[in-house]
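*Asks:* So here's data_17.tsv, just TSV, N, CA and C atoms:
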chain	number	residue	atom	x	y	z
C	546	GLU	N	90.58	113.17	97.00
C	546	GLU	CA	91.86	112.47	96.98
C	546	GLU	C	91.99	111.63	98.25
C	547	VAL	N	92.28	110.37	98.08
C	547	VAL	CA	92.44	109.48	99.22
C	547	VAL	C	93.81	109.69	99.86
C	548	GLN	N	93.79	109.87	101.17
C	548	GLN	CA	95.03	109.97	101.93
C	548	GLN	C	94.90	109.18	103.21
C	549	LEU	N	96.00	108.59	103.62
C	549	LEU	CA	96.08	107.83	104.86
C	549	LEU	C	97.34	108.28	105.58
C	550	VAL	N	97.19	108.68	106.84
C	550	VAL	CA	98.34	109.16	107.60
C	550	VAL	C	98.40	108.42	108.92
C	551	GLU	N	99.47	107.67	109.11
C	551	GLU	CA	99.64	106.90	110.34
C	551	GLU	C	100.45	107.70	111.36
C	552	SER	N	100.21	107.39	112.62
C	552	SER	CA	100.98	107.98	113.70
C	552	SER	C	100.89	107.07	114.91
C	553	GLY	N	101.72	107.35	115.90
C	553	GLY	CA	101.64	106.60	117.14
C	553	GLY	C	102.74	105.59	117.37
C	554	GLY	N	103.60	105.42	116.37
C	554	GLY	CA	104.69	104.47	116.55
C	554	GLY	C	105.72	104.99	117.54
C	555	GLY	N	106.68	104.13	117.86
C	555	GLY	CA	107.72	104.53	118.78
C	555	GLY	C	108.49	103.34	119.30
C	556	LEU	N	109.27	103.61	120.34
C	556	LEU	CA	110.09	102.59	120.98
C	556	LEU	C	109.39	102.13	122.26
C	557	VAL	N	109.24	100.83	122.41
C	557	VAL	CA	108.57	100.28	123.58
C	557	VAL	C	109.28	99.01	124.01
C	558	GLN	N	109.22	98.71	125.29
C	558	GLN	CA	109.84	97.49	125.80
C	558	GLN	C	108.93	96.29	125.55
C	559	PRO	N	109.51	95.11	125.49
C	559	PRO	CA	108.68	93.91	125.35
C	559	PRO	C	107.63	93.86	126.46
C	560	GLY	N	106.41	93.49	126.05
C	560	GLY	CA	105.30	93.48	126.99
C	560	GLY	C	104.54	94.78	127.05
C	561	GLY	N	105.06	95.79	126.42
C	561	GLY	CA	104.41	97.10	126.44
C	561	GLY	C	103.28	97.22	125.43
C	562	SER	N	102.71	98.42	125.37
C	562	SER	CA	101.57	98.68	124.50
C	562	SER	C	101.78	99.94	123.69
C	563	LEU	N	101.13	99.98	122.55
C	563	LEU	CA	101.10	101.17	121.70
C	563	LEU	C	99.76	101.23	121.01
C	564	MET	N	99.34	102.43	120.69
C	564	MET	CA	98.12	102.64	119.91
C	564	MET	C	98.49	103.40	118.65
C	565	LEU	N	98.32	102.77	117.51
C	565	LEU	CA	98.57	103.43	116.23
C	565	LEU	C	97.28	104.04	115.71
C	566	SER	N	97.43	105.16	115.00
C	566	SER	CA	96.29	105.83	114.38
C	566	SER	C	96.46	105.88	112.88
C	567	CYS	N	95.36	105.80	112.20
C	567	CYS	CA	95.33	105.92	110.73
C	567	CYS	C	94.25	106.95	110.41
C	568	GLN	N	94.69	108.17	110.15
C	568	GLN	CA	93.76	109.26	109.81
C	568	GLN	C	93.47	109.17	108.33
C	569	ALA	N	92.21	108.98	107.98
C	569	ALA	CA	91.83	108.82	106.58
C	569	ALA	C	91.14	110.07	106.06
C	570	SER	N	91.29	110.34	104.78
C	570	SER	CA	90.56	111.40	104.10
C	570	SER	C	90.29	110.94	102.67
C	571	GLY	N	89.23	111.49	102.10
C	571	GLY	CA	88.87	111.12	100.74
C	571	GLY	C	87.92	109.94	100.65
C	572	PHE	N	87.63	109.32	101.78
C	572	PHE	CA	86.64	108.25	101.85
C	572	PHE	C	86.24	108.11	103.31
C	573	TYR	N	85.18	107.33	103.56
C	573	TYR	CA	84.70	107.16	104.92
C	573	TYR	C	85.08	105.76	105.43
C	574	ILE	N	85.81	105.72	106.55
C	574	ILE	CA	86.18	104.42	107.09
C	574	ILE	C	84.96	103.66	107.56
C	575	SER	N	83.88	104.37	107.85
C	575	SER	CA	82.65	103.73	108.31
C	575	SER	C	81.96	102.94	107.19
C	576	GLN	N	82.47	103.08	105.96
C	576	GLN	CA	81.88	102.39	104.82
C	576	GLN	C	82.94	101.62	104.03
C	577	ALA	N	84.07	101.34	104.66
C	577	ALA	CA	85.20	100.81	103.91
C	577	ALA	C	85.85	99.62	104.59
C	578	LEU	N	86.65	98.93	103.81
C	578	LEU	CA	87.55	97.88	104.32
C	578	LEU	C	88.94	98.51	104.42
C	579	VAL	N	89.45	98.63	105.62
C	579	VAL	CA	90.77	99.21	105.84
C	579	VAL	C	91.64	98.17	106.54
C	580	LYS	N	92.83	98.04	106.05
C	580	LYS	CA	93.72	97.00	106.55
C	580	LYS	C	94.99	97.61	107.16
C	581	TRP	N	95.56	96.88	108.10
C	581	TRP	CA	96.87	97.21	108.65
C	581	TRP	C	97.88	96.17	108.15
C	582	PHE	N	99.02	96.67	107.73
C	582	PHE	CA	100.13	95.81	107.34
C	582	PHE	C	101.37	96.24	108.12
C	583	ARG	N	102.36	95.39	108.12
C	583	ARG	CA	103.66	95.76	108.67
C	583	ARG	C	104.75	95.19	107.75
C	584	GLN	N	105.86	95.86	107.77
C	584	GLN	CA	106.94	95.44	106.90
C	584	GLN	C	108.29	95.71	107.56
C	585	VAL	N	109.17	94.73	107.46
C	585	VAL	CA	110.54	94.91	107.91
C	585	VAL	C	111.42	94.92	106.66
C	586	PRO	N	112.55	95.58	106.73
C	586	PRO	CA	113.44	95.68	105.56
C	586	PRO	C	113.79	94.31	105.01
C	587	GLY	N	113.68	94.19	103.69
C	587	GLY	CA	114.06	92.96	103.04
C	587	GLY	C	113.00	91.89	103.01
C	588	LYS	N	111.83	92.19	103.61
C	588	LYS	CA	110.75	91.21	103.62
C	588	LYS	C	109.49	91.79	103.01
C	589	ALA	N	108.61	90.90	102.57
C	589	ALA	CA	107.35	91.34	102.00
C	589	ALA	C	106.43	91.86	103.10
C	590	PRO	N	105.51	92.74	102.76
C	590	PRO	CA	104.54	93.22	103.76
C	590	PRO	C	103.75	92.06	104.34
C	591	GLU	N	103.45	92.17	105.61
C	591	GLU	CA	102.66	91.16	106.31
C	591	GLU	C	101.33	91.77	106.72
C	592	TRP	N	100.25	91.14	106.35
C	592	TRP	CA	98.93	91.60	106.79
C	592	TRP	C	98.80	91.37	108.28
C	593	VAL	N	98.31	92.38	108.99
C	593	VAL	CA	98.21	92.31	110.44
C	593	VAL	C	96.77	92.21	110.92
C	594	ALA	N	95.95	93.12	110.42
C	594	ALA	CA	94.57	93.17	110.90
C	594	ALA	C	93.74	94.01	109.93
C	595	GLU	N	92.44	93.92	110.08
C	595	GLU	CA	91.57	94.71	109.23
C	595	GLU	C	90.22	94.94	109.90
C	596	MET	N	89.57	95.97	109.42
C	596	MET	CA	88.21	96.24	109.86
C	596	MET	C	87.38	96.48	108.61
C	597	ASP	N	86.29	95.75	108.50
C	597	ASP	CA	85.42	95.84	107.34
C	597	ASP	C	84.09	96.43	107.78
C	598	SER	N	83.82	97.65	107.33
C	598	SER	CA	82.59	98.35	107.71
C	598	SER	C	81.69	98.56	106.49
C	599	ARG	N	81.86	97.75	105.46
C	599	ARG	CA	81.09	97.96	104.23
C	599	ARG	C	79.65	97.49	104.34
C	600	GLY	N	79.38	96.58	105.23
C	600	GLY	CA	78.04	96.04	105.37
C	600	GLY	C	77.31	96.64	106.55
C	601	ALA	N	76.22	96.00	106.90
C	601	ALA	CA	75.41	96.47	108.03
C	601	ALA	C	76.17	96.30	109.34
C	602	ASP	N	77.01	95.29	109.41
C	602	ASP	CA	77.81	95.02	110.60
C	602	ASP	C	79.28	95.31	110.31
C	603	THR	N	80.02	95.55	111.37
C	603	THR	CA	81.46	95.76	111.26
C	603	THR	C	82.18	94.48	111.65
C	604	TRP	N	83.11	94.06	110.81
C	604	TRP	CA	83.85	92.84	111.06
C	604	TRP	C	85.32	93.15	111.28
C	605	ARG	N	85.91	92.45	112.20
C	605	ARG	CA	87.33	92.56	112.46
C	605	ARG	C	87.99	91.21	112.22
C	606	ASP	N	89.23	91.28	111.80
C	606	ASP	CA	90.01	90.05	111.68
C	606	ASP	C	91.47	90.43	111.91
C	607	SER	N	92.25	89.45	112.32
C	607	SER	CA	93.66	89.71	112.56
C	607	SER	C	94.46	88.45	112.30
C	608	ALA	N	95.73	88.64	112.06
C	608	ALA	CA	96.63	87.51	111.79
C	608	ALA	C	96.82	86.68	113.06
C	609	ASP	N	97.07	85.41	112.88
C	609	ASP	CA	97.28	84.53	114.03
C	609	ASP	C	98.42	85.02	114.91
C	610	SER	N	99.43	85.63	114.31
C	610	SER	CA	100.60	86.06	115.06
C	610	SER	C	100.28	87.20	116.04
C	611	VAL	N	99.17	87.89	115.83
C	611	VAL	CA	98.81	89.02	116.71
C	611	VAL	C	97.46	88.83	117.38
C	612	LYS	N	96.78	87.77	117.05
C	612	LYS	CA	95.43	87.55	117.58
C	612	LYS	C	95.47	87.50	119.10
C	613	GLY	N	94.56	88.22	119.71
C	613	GLY	CA	94.52	88.30	121.16
C	613	GLY	C	95.39	89.39	121.74
C	614	ARG	N	96.24	89.99	120.91
C	614	ARG	CA	97.12	91.07	121.38
C	614	ARG	C	96.82	92.39	120.65
C	615	PHE	N	96.43	92.33	119.39
C	615	PHE	CA	96.15	93.51	118.58
C	615	PHE	C	94.66	93.55	118.26
C	616	ILE	N	94.09	94.74	118.26
C	616	ILE	CA	92.69	94.87	117.87
C	616	ILE	C	92.50	96.23	117.21
C	617	THR	N	91.59	96.27	116.25
C	617	THR	CA	91.30	97.51	115.56
C	617	THR	C	90.07	98.19	116.16
C	618	TYR	N	90.12	99.52	116.19
C	618	TYR	CA	88.99	100.33	116.60
C	618	TYR	C	88.81	101.42	115.56
C	619	LYS	N	87.64	102.01	115.56
C	619	LYS	CA	87.43	103.15	114.67
C	619	LYS	C	86.69	104.25	115.41
C	620	ASP	N	86.97	105.46	114.98
C	620	ASP	CA	86.23	106.63	115.42
C	620	ASP	C	85.70	107.27	114.15
C	621	SER	N	84.45	106.98	113.84
C	621	SER	CA	83.88	107.47	112.58
C	621	SER	C	83.82	108.99	112.54
C	622	ALA	N	83.60	109.61	113.68
C	622	ALA	CA	83.52	111.08	113.72
C	622	ALA	C	84.86	111.70	113.32
C	623	LYS	N	85.95	111.03	113.67
C	623	LYS	CA	87.28	111.52	113.32
C	623	LYS	C	87.80	110.87	112.03
C	624	ASN	N	87.00	109.95	111.49
C	624	ASN	CA	87.41	109.20	110.29
C	624	ASN	C	88.80	108.58	110.50
C	625	THR	N	88.97	107.98	111.64
C	625	THR	CA	90.27	107.44	112.04
C	625	THR	C	90.13	106.00	112.49
C	626	LEU	N	91.06	105.18	112.04
C	626	LEU	CA	91.13	103.78	112.45
C	626	LEU	C	92.33	103.64	113.39
C	627	TYR	N	92.16	102.83	114.42
C	627	TYR	CA	93.22	102.64	115.40
C	627	TYR	C	93.63	101.17	115.44
C	628	LEU	N	94.88	100.96	115.78
C	628	LEU	CA	95.36	99.61	116.04
C	628	LEU	C	95.95	99.60	117.44
C	629	GLN	N	95.21	99.00	118.36
C	629	GLN	CA	95.66	98.87	119.73
C	629	GLN	C	96.54	97.63	119.81
C	630	MET	N	97.78	97.82	120.25
C	630	MET	CA	98.72	96.71	120.33
C	630	MET	C	99.15	96.52	121.78
C	631	LYS	N	98.97	95.33	122.29
C	631	LYS	CA	99.33	95.02	123.66
C	631	LYS	C	100.31	93.84	123.68
C	632	ASN	N	100.99	93.70	124.82
C	632	ASN	CA	101.94	92.59	124.99
C	632	ASN	C	102.87	92.47	123.79
C	633	LEU	N	103.48	93.59	123.44
C	633	LEU	CA	104.31	93.62	122.25
C	633	LEU	C	105.55	92.76	122.41
C	634	LYS	N	105.95	92.16	121.31
C	634	LYS	CA	107.11	91.30	121.27
C	634	LYS	C	108.17	91.90	120.35
C	635	ILE	N	109.39	91.47	120.52
C	635	ILE	CA	110.48	91.99	119.69
C	635	ILE	C	110.18	91.78	118.21
C	636	GLU	N	109.57	90.65	117.89
C	636	GLU	CA	109.27	90.34	116.50
C	636	GLU	C	108.13	91.17	115.93
C	637	ASP	N	107.50	92.01	116.74
C	637	ASP	CA	106.48	92.93	116.23
C	637	ASP	C	107.11	94.20	115.66
C	638	SER	N	108.39	94.37	115.82
C	638	SER	CA	109.08	95.55	115.30
C	638	SER	C	108.96	95.60	113.78
C	639	ALA	N	108.52	96.73	113.27
C	639	ALA	CA	108.32	96.88	111.83
C	639	ALA	C	107.79	98.28	111.57
C	640	VAL	N	107.68	98.62	110.30
C	640	VAL	CA	106.94	99.80	109.89
C	640	VAL	C	105.50	99.35	109.67
C	641	TYR	N	104.60	100.00	110.34
C	641	TYR	CA	103.18	99.67	110.24
C	641	TYR	C	102.48	100.72	109.39
C	642	TYR	N	101.63	100.24	108.48
C	642	TYR	CA	100.88	101.19	107.67
C	642	TYR	C	99.47	100.66	107.44
C	643	CYS	N	98.58	101.59	107.19
C	643	CYS	CA	97.20	101.22	106.87
C	643	CYS	C	96.99	101.35	105.37
C	644	ALA	N	96.02	100.62	104.88
C	644	ALA	CA	95.77	100.59	103.45
C	644	ALA	C	94.29	100.50	103.15
C	645	TYR	N	93.93	101.20	102.08
C	645	TYR	CA	92.54	101.19	101.58
C	645	TYR	C	92.63	100.93	100.09
C	646	GLY	N	92.28	99.74	99.68
C	646	GLY	CA	92.43	99.38	98.27
C	646	GLY	C	93.87	99.53	97.85
C	647	GLU	N	94.09	100.30	96.80
C	647	GLU	CA	95.44	100.51	96.28
C	647	GLU	C	96.21	101.57	97.04
C	648	TYR	N	95.56	102.25	97.96
C	648	TYR	CA	96.18	103.36	98.67
C	648	TYR	C	96.76	102.89	100.00
C	649	ARG	N	97.86	103.50	100.38
C	649	ARG	CA	98.48	103.19	101.66
C	649	ARG	C	99.14	104.45	102.20
C	650	GLY	N	99.35	104.46	103.51
C	650	GLY	CA	100.03	105.58	104.12
C	650	GLY	C	101.54	105.41	104.08
C	651	GLN	N	102.23	106.36	104.68
C	651	GLN	CA	103.69	106.33	104.67
C	651	GLN	C	104.25	105.41	105.74
C	652	GLY	N	103.41	105.09	106.71
C	652	GLY	CA	103.83	104.16	107.75
C	652	GLY	C	104.37	104.85	108.99
C	653	THR	N	104.40	104.10	110.08
C	653	THR	CA	104.96	104.57	111.34
C	653	THR	C	105.80	103.43	111.93
C	654	GLN	N	106.96	103.78	112.43
C	654	GLN	CA	107.90	102.78	112.91
C	654	GLN	C	107.56	102.34	114.33
C	655	VAL	N	107.50	101.03	114.51
C	655	VAL	CA	107.34	100.44	115.84
C	655	VAL	C	108.58	99.62	116.14
C	656	THR	N	109.23	99.95	117.23
C	656	THR	CA	110.42	99.21	117.65
C	656	THR	C	110.21	98.67	119.05
C	657	VAL	N	110.31	97.36	119.18
C	657	VAL	CA	110.16	96.71	120.48
C	657	VAL	C	111.53	96.20	120.88
C	658	SER	N	112.04	96.78	121.94
C	658	SER	CA	113.39	96.43	122.35
C	658	SER	C	113.57	96.65	123.84
C	659	ALA	N	114.39	95.80	124.44
C	659	ALA	CA	114.69	95.97	125.86
C	659	ALA	C	115.79	97.01	126.03
Please express what this file holds, its structure, as structure tokens.
*Replies:*
Amino acid sequence: EVQLVESGGGLVQPGGSLMLSCQASGFYISQALVKWFRQVPGKAPEWVAEMDSRGADTWRDSADSVKGRFITYKDSAKNTLYLQMKNLKIEDSAVYYCAYGEYRGQGTQVTVSA
């Protein structure tokens, strides 16, 4: 059974940092495409970043709005994907969740506020 569990969200001041975790089970992140999304109430989910480990090489990509500030990491031994977020802005506030195909986690709230 595929499960994704996010953690690491919280309240942070503008310019601060957070590290989100996505604990996966039921598949191996070292062989998968896993994506991060964020969503604010009343808006459609926004793709944030992804890590593709399906091939011989691992590829990362991120949205222009977070490029240079957010990056994905993985710990294959823990089957966990991370989203390192730096220089956070108020507009980064959202529920962040990871997704694998049709599966997604419950999300973790990130609030950036002074």
*Asks:* For C:Met630, which residue out of C:Tyr648, C:Tyr642, C:Gly560, C:Arg605 is the nearest one, using only C-alpha atoms?
*Replies:*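 Among the listed residues, C:Gly560 lies closest to C:Met630.
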*Asks:* List the spatial neighbours of C:Thr653 as JSON, numbers by chain - criterion: any atom at most 7 Å away, only N, CA and C atoms, same-chain residues fewer than 4 positions off excluded.
*Replies:* {"C": [551, 552, 553, 554, 555, 639, 640, 641, 642, 643]}
*Asks:* Neighbourhood query: residues within 7 Å of (86.7, 105.1, 108.5), file coordinates, counting all atoms listed in the file; return as number ranges by chain.
*Replies:* C: 569, 572-577, 619-621, 623-626
*Asks:* Using only C-alpha atoms, which protein or nucleic acid residues come within 12 Å of stretch 582-595 of chain C? Drop anything in the same chain fewer than 5 positions from it, and give the result as a ChimeraX atom specification.
*Replies:* /C:551,554,565,567,574,577,603-619,626-630,636-646,649-656
*Asks:* If we count only N, CA and C atoms, what is near C:Pro559 at a cut-off of 6 Å, once residues fewer than 6 positions away on the same chain are taken out, given as a VMD selection string?
*Replies:* chain C and resid 632 to 635 657 to 659
*Asks:* Would you mind reading off the distance between atom CA of C:Met564 and atom CA of C:Lys631, one decimal, in Å?
*Replies:* 8.6 Å
*Asks:* Record the distance separating atom N of C:Val557 and atom C of C:Lys580, expressed in Å with one decimal.
*Replies:* 21.1 Å
*Asks:* Quick one: distance from atom CA of C:Asp602 to atom N of C:Leu578 in Å, one decimal?
*Replies:* 11.8 Å
*Asks:* From the list C:Gly571, C:Ser566, C:Trp581, C:Ala601, which residue is nearest C:Val547 when using all atoms listed in the file?
*Replies:* C:Gly571
*Asks:* Quick one: DSSP strand (DSSP E or B) residues in chain C, as an NGL selection string?
*Replies:* :C and (548-552 or 555-557 or 563-570 or 578-584 or 591-597 or 604-607 or 615-620 or 625-630 or 639-645 or 648-649 or 653-657)
*Asks:* Taking all atoms of stretch 576-587 of chain C that appear in the file, build a box with edges along x, y and z, extend it by 5 Å on every side, and state its centre and edge lengths in Å to one decimal, as AutoDock Vina command-line options.
*Replies:*
--center_x 98.0 --center_y 97.5 --center_z 105.8 --size_x 42.2 --size_y 21.2 --size_z 15.7
*Asks:* Rank nothing, just name the residue among C:Glu647, C:Leu549, C:Ala622, C:Met596 nearest to C:Gln568, using all atoms listed in the file.
*Replies:*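 With all atoms listed in the file as the atom set, the closest residue is C:Leu549.
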